[in-house]
Amino acid sequence: MAVLAAVAIPKFINFREDAEISRVKAIAAAYQEAVGFVQIRYQILGLSEHMADIPGYADNSIDVNPSGFPIGIDKGGPNKIIKNTKNIGQQDKGCVELWKILLNAPPSVSLKDDGKDFTAYRHKADGGSDKSQCTYVLRTLGDTQNRKNADISINYDSETGRVTTLFKD
């Protein structure tokens, strides 16, 4: 029994990690697809500037930058005036709001490591001056690292519209 347990437990752990990696890749692909759909809607409308509450997508609350990439919801406030078209969202919750509006039935996400599937971080790009990126760190495998040292994460760059997955060994 001990030999069987010694062989089976590591295999089970590897299966769980492989399943989570596959899930993260699928989530990132869905996020990228949603970003692409928002930009297509922006282009169909013939827009060339930022816009609050782009019509005809999701619940009409997504705000976009001058390239048509999502930067939050309700970023323009009640007057629909977006002051900084490079920063994502209104404060750090902007990344959580994008996650929830862009993904269909998304995994749980929070701004702190509190038992949710992912922790969201809004931050500057390397060498950047604006908070134009969101990183979502997978927590379900027990990772407690910050966004820079996380084992598995998803990154969204609102300046390029790219969604990438990051895996550390």
# chains A, B, ... in the order shown; residues from 1 in each chain; ligands from 1
>>> residues_around(residues="Gln91 of chain A", least_positions_apart="2", cutoff="10 Å", atoms="only C-alpha atoms", output="count of residues only")
9
>>> select_by_dssp(residues="chain A", states="strand (DSSP E or B)", output="ChimeraX atom specification")
/A:51,62-64,70-73,109-110,118-123,133-138,152-157,162-167
>>> closest_residue(among="A:Glu159, A:Ser22, A:Ser110, A:Thr165", to="Asn65 of chain A", atoms="only C-alpha atoms")
A:Glu159
>>> atom_distance(atom1="atom CA of Lys80 of chain A", atom2="atom CA of Ile62 of chain A")
11.3 Å
>>> residues_around(residues="Asn155 of chain A", least_positions_apart="5", cutoff="6 Å", atoms="only C-alpha atoms", output="ChimeraX atom specification")
/A:134-135,163-164
>>> residues_around(residues="Asp117 of chain A", least_positions_apart="2", cutoff="10 Å", atoms="only C-alpha atoms", output="MDAnalysis selection string")
chainID A and resid 106:110 113:115 119 136:142
>>> residues_around(residues="Pro55 of chain A", least_positions_apart="6", cutoff="10 Å", atoms="only C-alpha atoms", output="PyMOL selection string")
chain A and resi 38+41-42+45+61-63
>>> atom_distance(atom1="atom CA of Asp74 of chain A", atom2="atom CA of Ala52 of chain A")
7.1 Å
